[in-house]
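J.: Following this line is start18.cif, made up of mmCIF, C-alpha atoms:
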```
data_data
#
loop_
_atom_site.group_PDB
_atom_site.id
_atom_site.type_symbol
_atom_site.label_atom_id
_atom_site.label_comp_id
_atom_site.auth_asym_id
_atom_site.auth_seq_id
_atom_site.Cartn_x
_atom_site.Cartn_y
_atom_site.Cartn_z
ATOM 1 C CA ASP A 1 0.000 0.000 0.000
ATOM 2 C CA ALA A 2 1.267 3.482 -0.834
ATOM 3 C CA GLY A 3 0.105 4.848 2.497
ATOM 4 C CA VAL A 4 -1.985 7.953 2.984
ATOM 5 C CA ILE A 5 -1.590 10.197 -0.035
ATOM 6 C CA GLN A 6 -2.015 13.944 0.201
ATOM 7 C CA SER A 7 -1.944 16.533 -2.540
ATOM 8 C CA PRO A 8 -0.577 18.990 -3.224
ATOM 9 C CA ARG A 9 2.616 18.826 -1.156
ATOM 10 C CA HIS A 10 2.990 22.585 -1.265
ATOM 11 C CA GLU A 11 0.454 25.291 -1.977
ATOM 12 C CA VAL A 12 1.031 29.016 -2.159
ATOM 13 C CA THR A 13 -2.025 31.165 -2.646
ATOM 14 C CA GLU A 14 -3.135 34.735 -2.261
ATOM 15 C CA MET A 15 -5.381 35.881 0.530
ATOM 16 C CA GLY A 16 -9.031 35.534 -0.415
ATOM 17 C CA GLN A 17 -8.534 32.617 -2.757
ATOM 18 C CA GLU A 18 -10.143 29.222 -2.325
ATOM 19 C CA VAL A 19 -7.830 26.370 -1.375
ATOM 20 C CA THR A 20 -8.633 22.662 -1.625
ATOM 21 C CA LEU A 21 -6.478 20.024 0.000
ATOM 22 C CA ARG A 22 -6.917 16.383 -0.944
ATOM 23 C CA CYS A 23 -6.414 13.087 0.826
ATOM 24 C CA LYS A 24 -6.582 9.440 -0.191
ATOM 25 C CA PRO A 25 -6.663 7.164 2.875
ATOM 26 C CA ILE A 26 -5.257 3.657 3.076
ATOM 27 C CA SER A 27 -7.547 1.158 1.412
ATOM 28 C CA GLY A 28 -9.701 -0.578 4.010
ATOM 29 C CA HIS A 29 -9.336 2.124 6.642
ATOM 30 C CA ASN A 30 -12.719 3.521 7.616
ATOM 31 C CA SER A 31 -11.681 6.472 9.793
ATOM 32 C CA LEU A 32 -10.110 9.643 8.415
ATOM 33 C CA PHE A 33 -8.708 12.637 10.267
ATOM 34 C CA TRP A 34 -7.590 16.119 9.289
ATOM 35 C CA TYR A 35 -4.968 17.874 11.423
ATOM 36 C CA ARG A 36 -3.311 21.254 11.218
ATOM 37 C CA GLN A 37 0.172 21.979 12.583
ATOM 38 C CA THR A 38 1.708 25.340 13.376
ATOM 39 C CA MET A 39 4.641 26.331 15.552
ATOM 40 C CA MET A 40 2.391 28.200 17.948
ATOM 41 C CA ARG A 41 -0.416 25.669 18.367
ATOM 42 C CA GLY A 42 1.210 22.338 17.554
ATOM 43 C CA LEU A 43 -0.910 19.552 16.073
ATOM 44 C CA GLU A 44 -4.633 20.304 16.172
ATOM 45 C CA LEU A 45 -7.385 17.888 15.184
ATOM 46 C CA LEU A 46 -9.781 19.680 12.857
ATOM 47 C CA ILE A 47 -12.334 17.018 11.957
ATOM 48 C CA TYR A 48 -12.693 13.273 11.643
ATOM 49 C CA PHE A 49 -14.916 10.883 9.728
ATOM 50 C CA ASN A 50 -16.035 7.335 10.412
ATOM 51 C CA ASN A 51 -17.382 5.433 7.401
ATOM 52 C CA ASN A 52 -17.463 8.670 5.409
ATOM 53 C CA VAL A 53 -19.655 10.420 8.006
ATOM 54 C CA PRO A 54 -18.319 13.465 9.877
ATOM 55 C CA ILE A 55 -18.252 12.613 13.568
ATOM 56 C CA ASP A 56 -16.631 15.600 15.236
ATOM 57 C CA ASP A 57 -15.864 18.911 13.573
ATOM 58 C CA SER A 58 -15.401 20.882 16.771
ATOM 59 C CA GLY A 59 -11.812 21.608 15.823
ATOM 60 C CA MET A 60 -12.703 23.367 12.588
ATOM 61 C CA PRO A 61 -11.673 26.958 13.289
ATOM 62 C CA GLU A 62 -14.511 28.750 11.543
ATOM 63 C CA ASP A 63 -17.035 28.629 8.728
ATOM 64 C CA ARG A 64 -14.343 29.299 6.157
ATOM 65 C CA PHE A 65 -13.234 25.703 6.638
ATOM 66 C CA SER A 66 -15.198 22.752 5.299
ATOM 67 C CA ALA A 67 -14.407 19.071 4.817
ATOM 68 C CA LYS A 68 -16.067 16.351 2.810
ATOM 69 C CA MET A 69 -15.649 12.644 2.314
ATOM 70 C CA PRO A 70 -17.766 11.632 -0.697
ATOM 71 C CA ASN A 71 -16.483 8.051 -0.646
ATOM 72 C CA ALA A 72 -14.172 5.757 1.271
ATOM 73 C CA SER A 73 -11.146 6.611 -0.829
ATOM 74 C CA PHE A 74 -11.194 10.395 -0.961
ATOM 75 C CA SER A 75 -11.547 13.435 1.265
ATOM 76 C CA THR A 76 -11.122 17.166 0.797
ATOM 77 C CA LEU A 77 -10.478 20.061 3.143
ATOM 78 C CA LYS A 78 -11.489 23.401 1.689
ATOM 79 C CA ILE A 79 -10.712 26.901 2.891
ATOM 80 C CA GLN A 80 -12.732 29.710 1.364
ATOM 81 C CA PRO A 81 -11.667 32.483 1.561
ATOM 82 C CA SER A 82 -8.133 31.808 2.718
ATOM 83 C CA GLU A 83 -6.286 34.123 5.104
ATOM 84 C CA PRO A 84 -2.590 34.442 6.027
ATOM 85 C CA ARG A 85 -3.272 32.936 9.476
ATOM 86 C CA ASP A 86 -4.330 29.711 7.740
ATOM 87 C CA SER A 87 -0.712 29.131 6.765
ATOM 88 C CA ALA A 88 0.269 25.789 8.266
ATOM 89 C CA VAL A 89 1.009 22.177 7.447
ATOM 90 C CA TYR A 90 -2.181 20.173 7.045
ATOM 91 C CA PHE A 91 -2.008 16.439 7.696
ATOM 92 C CA CYS A 92 -4.474 13.746 6.825
ATOM 93 C CA ALA A 93 -4.461 10.422 8.681
ATOM 94 C CA SER A 94 -6.460 7.221 8.440
ATOM 95 C CA SER A 95 -7.074 4.225 10.660
ATOM 96 C CA LEU A 96 -9.365 1.302 11.228
ATOM 97 C CA GLN A 97 -12.279 2.364 13.366
ATOM 98 C CA ASN A 98 -11.767 0.873 16.808
ATOM 99 C CA GLY A 99 -8.440 -0.459 15.638
ATOM 100 C CA GLY A 100 -5.693 -0.429 18.204
ATOM 101 C CA TYR A 101 -2.731 0.046 15.936
ATOM 102 C CA GLY A 102 -2.810 3.754 15.591
ATOM 103 C CA TYR A 103 -3.129 6.185 12.795
ATOM 104 C CA THR A 104 -1.160 6.379 9.574
ATOM 105 C CA PHE A 105 -0.372 9.945 8.568
ATOM 106 C CA GLY A 106 0.253 11.370 5.150
ATOM 107 C CA SER A 107 3.218 13.563 4.310
ATOM 108 C CA GLY A 108 1.195 16.732 4.710
ATOM 109 C CA THR A 109 0.401 19.785 2.624
ATOM 110 C CA ARG A 110 2.346 22.929 3.432
ATOM 111 C CA LEU A 111 -0.007 25.851 2.824
ATOM 112 C CA THR A 112 1.240 29.409 2.561
ATOM 113 C CA VAL A 113 -1.288 32.213 2.202
ATOM 114 C CA VAL A 114 0.261 35.538 1.211
ATOM 115 C CA ASP B 1 -8.786 11.507 27.368
ATOM 116 C CA ALA B 2 -6.258 11.816 30.175
ATOM 117 C CA LYS B 3 -3.578 14.460 29.964
ATOM 118 C CA THR B 4 0.101 13.624 29.773
ATOM 119 C CA THR B 5 3.247 15.408 30.900
ATOM 120 C CA GLN B 6 6.555 15.049 29.092
ATOM 121 C CA PRO B 7 9.877 16.877 29.364
ATOM 122 C CA PRO B 8 10.178 19.413 26.540
ATOM 123 C CA SER B 9 13.582 18.200 25.407
ATOM 124 C CA MET B 10 16.171 15.479 25.928
ATOM 125 C CA ASP B 11 19.562 14.563 24.537
ATOM 126 C CA CYS B 12 21.073 11.134 24.043
ATOM 127 C CA ALA B 13 24.343 9.887 22.606
ATOM 128 C CA GLU B 14 24.242 7.797 19.471
ATOM 129 C CA GLY B 15 24.320 4.084 20.239
ATOM 130 C CA ARG B 16 23.000 4.517 23.758
ATOM 131 C CA ALA B 17 19.509 3.738 24.988
ATOM 132 C CA ALA B 18 17.121 6.672 24.925
ATOM 133 C CA ASN B 19 14.570 6.611 27.741
ATOM 134 C CA LEU B 20 11.662 8.994 27.318
ATOM 135 C CA PRO B 21 9.386 9.438 30.335
ATOM 136 C CA CYS B 22 5.700 10.288 30.380
ATOM 137 C CA ASN B 23 3.407 11.000 33.299
ATOM 138 C CA HIS B 24 -0.302 10.240 33.004
ATOM 139 C CA SER B 25 -1.501 10.241 36.585
ATOM 140 C CA THR B 26 -5.191 10.643 35.671
ATOM 141 C CA ILE B 27 -5.303 7.697 33.285
ATOM 142 C CA SER B 28 -8.490 5.654 33.369
ATOM 143 C CA GLY B 29 -8.703 1.888 33.439
ATOM 144 C CA ASN B 30 -9.752 1.598 29.794
ATOM 145 C CA GLU B 31 -7.188 4.039 28.399
ATOM 146 C CA TYR B 32 -4.167 2.900 26.468
ATOM 147 C CA VAL B 33 -0.786 4.606 26.294
ATOM 148 C CA TYR B 34 0.282 5.431 22.727
ATOM 149 C CA TRP B 35 3.594 6.751 21.480
ATOM 150 C CA TYR B 36 4.131 8.551 18.201
ATOM 151 C CA ARG B 37 7.085 10.434 16.831
ATOM 152 C CA GLN B 38 7.445 13.155 14.256
ATOM 153 C CA ILE B 39 10.636 13.544 12.331
ATOM 154 C CA HIS B 40 11.178 17.016 10.946
ATOM 155 C CA SER B 41 8.781 17.896 8.104
ATOM 156 C CA GLN B 42 7.124 14.478 8.130
ATOM 157 C CA GLY B 43 3.772 13.287 9.423
ATOM 158 C CA PRO B 44 3.659 11.659 12.863
ATOM 159 C CA GLN B 45 4.540 7.983 12.929
ATOM 160 C CA TYR B 46 3.018 5.366 15.212
ATOM 161 C CA ILE B 47 5.605 3.646 17.429
ATOM 162 C CA ILE B 48 3.924 1.461 20.026
ATOM 163 C CA HIS B 49 1.024 1.263 22.451
ATOM 164 C CA GLY B 50 0.063 -0.666 25.582
ATOM 165 C CA LEU B 51 -2.508 -1.016 28.324
ATOM 166 C CA LYS B 52 -0.703 -2.346 31.372
ATOM 167 C CA ASN B 53 1.836 -4.900 30.269
ATOM 168 C CA ASN B 54 5.217 -3.987 28.912
ATOM 169 C CA GLU B 55 5.350 -4.077 25.139
ATOM 170 C CA THR B 56 8.163 -4.443 22.628
ATOM 171 C CA ASN B 57 8.298 -4.222 18.873
ATOM 172 C CA GLU B 58 10.954 -3.668 16.255
ATOM 173 C CA MET B 59 11.105 0.027 16.981
ATOM 174 C CA ALA B 60 10.955 0.366 20.747
ATOM 175 C CA SER B 61 9.924 -0.939 24.145
ATOM 176 C CA LEU B 62 7.202 0.496 26.338
ATOM 177 C CA ILE B 63 7.409 0.135 30.098
ATOM 178 C CA ILE B 64 4.247 1.006 32.040
ATOM 179 C CA THR B 65 4.384 1.251 35.823
ATOM 180 C CA GLU B 66 2.182 -1.043 37.853
ATOM 181 C CA ASP B 67 -0.115 1.811 38.889
ATOM 182 C CA ARG B 68 -0.188 2.949 35.227
ATOM 183 C CA LYS B 69 0.451 6.544 36.195
ATOM 184 C CA SER B 70 3.628 6.787 34.170
ATOM 185 C CA SER B 71 5.449 5.079 31.347
ATOM 186 C CA THR B 72 8.808 5.076 29.587
ATOM 187 C CA LEU B 73 9.536 4.650 25.919
ATOM 188 C CA ILE B 74 12.887 3.018 25.314
ATOM 189 C CA LEU B 75 14.835 3.217 22.069
ATOM 190 C CA PRO B 76 17.491 0.593 22.793
ATOM 191 C CA HIS B 77 20.238 1.756 20.441
ATOM 192 C CA ALA B 78 19.509 5.294 19.351
ATOM 193 C CA THR B 79 20.696 6.470 15.952
ATOM 194 C CA LEU B 80 20.846 9.948 14.439
ATOM 195 C CA ARG B 81 17.657 9.116 12.542
ATOM 196 C CA ASP B 82 15.803 8.827 15.846
ATOM 197 C CA THR B 83 16.071 12.592 16.327
ATOM 198 C CA ALA B 84 12.424 13.675 16.445
ATOM 199 C CA VAL B 85 9.598 14.933 18.617
ATOM 200 C CA TYR B 86 8.079 12.089 20.611
ATOM 201 C CA TYR B 87 4.465 12.263 21.717
ATOM 202 C CA CYS B 88 2.906 10.279 24.550
ATOM 203 C CA ILE B 89 -0.887 10.063 24.298
ATOM 204 C CA VAL B 90 -3.483 8.240 26.348
ATOM 205 C CA ARG B 91 -6.829 7.337 24.871
ATOM 206 C CA VAL B 92 -9.397 4.614 24.726
ATOM 207 C CA THR B 93 -9.054 2.336 21.736
ATOM 208 C CA GLN B 94 -12.739 1.902 21.039
ATOM 209 C CA GLY B 95 -15.461 4.465 20.898
ATOM 210 C CA ALA B 96 -13.894 7.901 21.109
ATOM 211 C CA GLN B 97 -11.535 8.233 18.198
ATOM 212 C CA LYS B 98 -9.761 11.465 18.921
ATOM 213 C CA LEU B 99 -5.985 11.377 19.107
ATOM 214 C CA VAL B 100 -4.978 14.584 20.867
ATOM 215 C CA PHE B 101 -1.325 15.583 20.648
ATOM 216 C CA GLY B 102 0.449 17.562 23.342
ATOM 217 C CA GLN B 103 3.790 19.315 22.932
ATOM 218 C CA GLY B 104 5.876 16.150 23.161
ATOM 219 C CA THR B 105 9.578 15.700 23.890
ATOM 220 C CA ARG B 106 12.135 16.884 21.384
ATOM 221 C CA LEU B 107 14.794 14.148 21.409
ATOM 222 C CA THR B 108 18.171 14.968 19.933
ATOM 223 C CA ILE B 109 20.596 12.154 19.252
ATOM 224 C CA ASN B 110 24.164 13.401 19.309
ATOM 225 C CA PRO B 111 27.038 11.752 17.407
#
```
Represent the structure of the file as structure tokens.
T.:
Amino acid sequence: DAGVIQSPRHEVTEMGQEVTLRCKPISGHNSLFWYRQTMMRGLELLIYFNNNVPIDDSGMPEDRFSAKMPNASFSTLKIQPSEPRDSAVYFCASSLQNGGYGYTFGSGTRLTVV
Amino acid sequence: DAKTTQPPSMDCAEGRAANLPCNHSTISGNEYVYWYRQIHSQGPQYIIHGLKNNETNEMASLIITEDRKSSTLILPHATLRDTAVYYCIVRVTQGAQKLVFGQGTRLTINP
């Protein structure tokens, strides 16, 4: 398995633009998580899905952020409109629901909003 | 999920055992201890987890005290590639799925 695949690896965009980050989880995993990492706040859980259904989005910072999981093999995190304070590394992770062997993280998307 | 306390940084000489402590004095009976690490610019990587018995795998050993209020992650022969931030997390395995990361311990392996 190629692991959790995220795209793009790097994204530079202007303030006000829409940004879409993509994630392909490991085949067979039925839980998916979006995290954001900054120097100031560390790793923050934004939202997670079980069986394609959003379970907890309490970490989503505001209405500018939205996440979808239309099927078991794909998820998106969208920011519209983007702001400079959204600059961070965004990680996607997947796991087996109720599985004890932890999450597998992708390589992340480094977002810079100028 | 119970909170954990880790030293912010540690150093270890290459080839020696690295022992990373974690306090989790409020851990509940159904909570597991998980360890992850994050090498610079990469996503966190699962290392090991346990409930109350000591665990060992190809990466590390996990020693949990009898009262389960603290644990130690042991990297038996540290290499330069083990330089990373190590996170200790306690959580239930079933039901609640959140994995909440603290600040971790920045481990530096010195040549």
J.: Which protein, DNA or RNA residues have an atom at most 10 Å from (0.1, 7.8, 2.3), counting all atoms listed in the file? List them as a ChimeraX atom specification.
T.: /A:1-6,23-26,92-94,104-108 /B:43
J.: Go through the shown structure with the PyMOL selection byres ((chain B) within 12 of (chain A)) and write out the matching residues as a ChimeraX atom specification.
T.: /B:31-51,85,87,89-104
J.: Between CA of Ile79 in chain A and CA of Gly28 in chain A, what distance in Å does the model show, to one decimal?
T.: 27.5 Å
J.: Provide the CA of Ser73 in chain A to CA of Val53 in chain A distance in Å, to one decimal place.
T.: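 These two atoms are separated by 12.8 Å.
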J.: Pick out the residues sitting within 9 Å of Thr108 in chain B, and hand them over as a ChimeraX atom specification; count all atoms listed in the file, and ignore anything fewer than 3 positions along from it in its own chain.
T.: /B:9-13,80,82-85
J.: Record the distance separating CA of Met59 in chain B and CA of Asn110 in chain B, expressed in Å with one decimal.
T.: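 So the answer is 18.8 Å.
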J.: Taking (0.4, 28.5, -3.2) in the file's coordinates as the center, which residues reach within 9 Å of it, counting all atoms listed in the file, put as an NGL selection string?
T.: :A and (10-14 or 19 or 110-114)
J.: Nearest to Glu83 in chain A among A:Lys68, A:His29, A:Gly59, A:Met15, with distances taken over only C-alpha atoms: which residue is it?
T.: A:Met15
J.: Between A:Leu96, A:Ser75, A:Ala88, A:Leu46, single out the one closest to Ser7 in chain A, counting only C-alpha atoms.
T.: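 Between A:Leu96, A:Ser75, A:Ala88, A:Leu46, the residue approaching Ser7 in chain A most closely is A:Ser75.
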J.: Closest to Leu75 in chain B among B:Arg106, B:Cys88, B:Ser25, B:Ser61, using only C-alpha atoms?
T.: B:Ser61
J.: For the structure provided, state which residues fall under the PyMOL selection byres ((chain B and resi 23) around 9), and present them as a list of chain:residue names.
T.: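 So the PyMOL selection byres ((chain B and resi 23) around 9), applied here, picks out B:Lys3, B:Thr4, B:Thr5, B:Gln6, B:Pro21, B:Cys22, B:His24, B:Ser25, B:Thr26, B:Lys69, B:Ser70, B:Ser71, B:Thr72, B:Cys88.
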J.: Regenerate range 58-78 of chain B at the level of N, CA, C and O atoms and dump it as an mmCIF file, in the frame of the given file.
T.:
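Okay, this is what ended up in rebuild.cif:
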```cif
data_model
loop_
_atom_site.group_PDB
_atom_site.id
_atom_site.type_symbol
_atom_site.label_atom_id
_atom_site.label_comp_id
_atom_site.auth_asym_id
_atom_site.auth_seq_id
_atom_site.Cartn_x
_atom_site.Cartn_y
_atom_site.Cartn_z
ATOM 1 N N GLU B 58 9.686 -3.868 16.936
ATOM 2 C CA GLU B 58 10.954 -3.668 16.255
ATOM 3 C C GLU B 58 11.504 -2.256 16.423
ATOM 4 O O GLU B 58 12.675 -2.017 16.183
ATOM 5 N N MET B 59 10.667 -1.355 16.838
ATOM 6 C CA MET B 59 11.105 0.027 16.981
ATOM 7 C C MET B 59 11.520 0.375 18.406
ATOM 8 O O MET B 59 12.489 1.120 18.618
ATOM 9 N N ALA B 60 10.753 -0.126 19.388
ATOM 10 C CA ALA B 60 10.955 0.366 20.747
ATOM 11 C C ALA B 60 10.334 -0.585 21.760
ATOM 12 O O ALA B 60 9.655 -1.546 21.409
ATOM 13 N N SER B 61 10.582 -0.260 23.022
ATOM 14 C CA SER B 61 9.924 -0.939 24.145
ATOM 15 C C SER B 61 9.150 0.088 24.950
ATOM 16 O O SER B 61 9.567 1.254 25.045
ATOM 17 N N LEU B 62 8.041 -0.369 25.509
ATOM 18 C CA LEU B 62 7.202 0.496 26.338
ATOM 19 C C LEU B 62 7.079 -0.143 27.707
ATOM 20 O O LEU B 62 6.632 -1.289 27.815
ATOM 21 N N ILE B 63 7.498 0.605 28.721
ATOM 22 C CA ILE B 63 7.409 0.135 30.098
ATOM 23 C C ILE B 63 6.355 0.971 30.810
ATOM 24 O O ILE B 63 6.479 2.207 30.880
ATOM 25 N N ILE B 64 5.328 0.322 31.326
ATOM 26 C CA ILE B 64 4.247 1.006 32.040
ATOM 27 C C ILE B 64 4.327 0.593 33.503
ATOM 28 O O ILE B 64 4.397 -0.600 33.809
ATOM 29 N N THR B 65 4.302 1.570 34.402
ATOM 30 C CA THR B 65 4.384 1.251 35.823
ATOM 31 C C THR B 65 3.142 0.483 36.276
ATOM 32 O O THR B 65 2.088 0.535 35.617
ATOM 33 N N GLU B 66 3.273 -0.186 37.389
ATOM 34 C CA GLU B 66 2.182 -1.043 37.853
ATOM 35 C C GLU B 66 0.906 -0.245 38.134
ATOM 36 O O GLU B 66 -0.202 -0.714 37.872
ATOM 37 N N ASP B 67 1.070 0.986 38.634
ATOM 38 C CA ASP B 67 -0.115 1.811 38.889
ATOM 39 C C ASP B 67 -0.595 2.543 37.629
ATOM 40 O O ASP B 67 -1.591 3.264 37.690
ATOM 41 N N ARG B 68 0.127 2.374 36.549
ATOM 42 C CA ARG B 68 -0.188 2.949 35.227
ATOM 43 C C ARG B 68 -0.154 4.459 35.204
ATOM 44 O O ARG B 68 -0.633 5.079 34.260
ATOM 45 N N LYS B 69 0.429 5.090 36.170
ATOM 46 C CA LYS B 69 0.451 6.544 36.195
ATOM 47 C C LYS B 69 1.628 7.133 35.439
ATOM 48 O O LYS B 69 1.725 8.354 35.284
ATOM 49 N N SER B 70 2.523 6.299 34.995
ATOM 50 C CA SER B 70 3.628 6.787 34.170
ATOM 51 C C SER B 70 4.139 5.658 33.281
ATOM 52 O O SER B 70 3.830 4.478 33.504
ATOM 53 N N SER B 71 4.884 6.057 32.263
ATOM 54 C CA SER B 71 5.449 5.079 31.347
ATOM 55 C C SER B 71 6.765 5.614 30.799
ATOM 56 O O SER B 71 7.069 6.812 30.919
ATOM 57 N N THR B 72 7.533 4.714 30.202
ATOM 58 C CA THR B 72 8.808 5.076 29.587
ATOM 59 C C THR B 72 8.912 4.401 28.236
ATOM 60 O O THR B 72 8.696 3.182 28.130
ATOM 61 N N LEU B 73 9.231 5.187 27.239
ATOM 62 C CA LEU B 73 9.536 4.650 25.919
ATOM 63 C C LEU B 73 11.041 4.471 25.825
ATOM 64 O O LEU B 73 11.798 5.396 26.125
ATOM 65 N N ILE B 74 11.460 3.296 25.410
ATOM 66 C CA ILE B 74 12.887 3.018 25.314
ATOM 67 C C ILE B 74 13.266 2.722 23.865
ATOM 68 O O ILE B 74 12.696 1.812 23.243
ATOM 69 N N LEU B 75 14.207 3.511 23.353
ATOM 70 C CA LEU B 75 14.835 3.217 22.069
ATOM 71 C C LEU B 75 16.174 2.592 22.412
ATOM 72 O O LEU B 75 17.082 3.284 22.882
ATOM 73 N N PRO B 76 16.347 1.300 22.188
ATOM 74 C CA PRO B 76 17.491 0.593 22.793
ATOM 75 C C PRO B 76 18.859 1.026 22.274
ATOM 76 O O PRO B 76 19.815 1.061 23.045
ATOM 77 N N HIS B 77 18.962 1.336 21.020
ATOM 78 C CA HIS B 77 20.238 1.756 20.441
ATOM 79 C C HIS B 77 19.969 2.946 19.528
ATOM 80 O O HIS B 77 19.750 2.787 18.334
ATOM 81 N N ALA B 78 19.931 4.120 20.104
ATOM 82 C CA ALA B 78 19.509 5.294 19.351
ATOM 83 C C ALA B 78 20.479 5.614 18.208
ATOM 84 O O ALA B 78 21.707 5.514 18.352
#
```
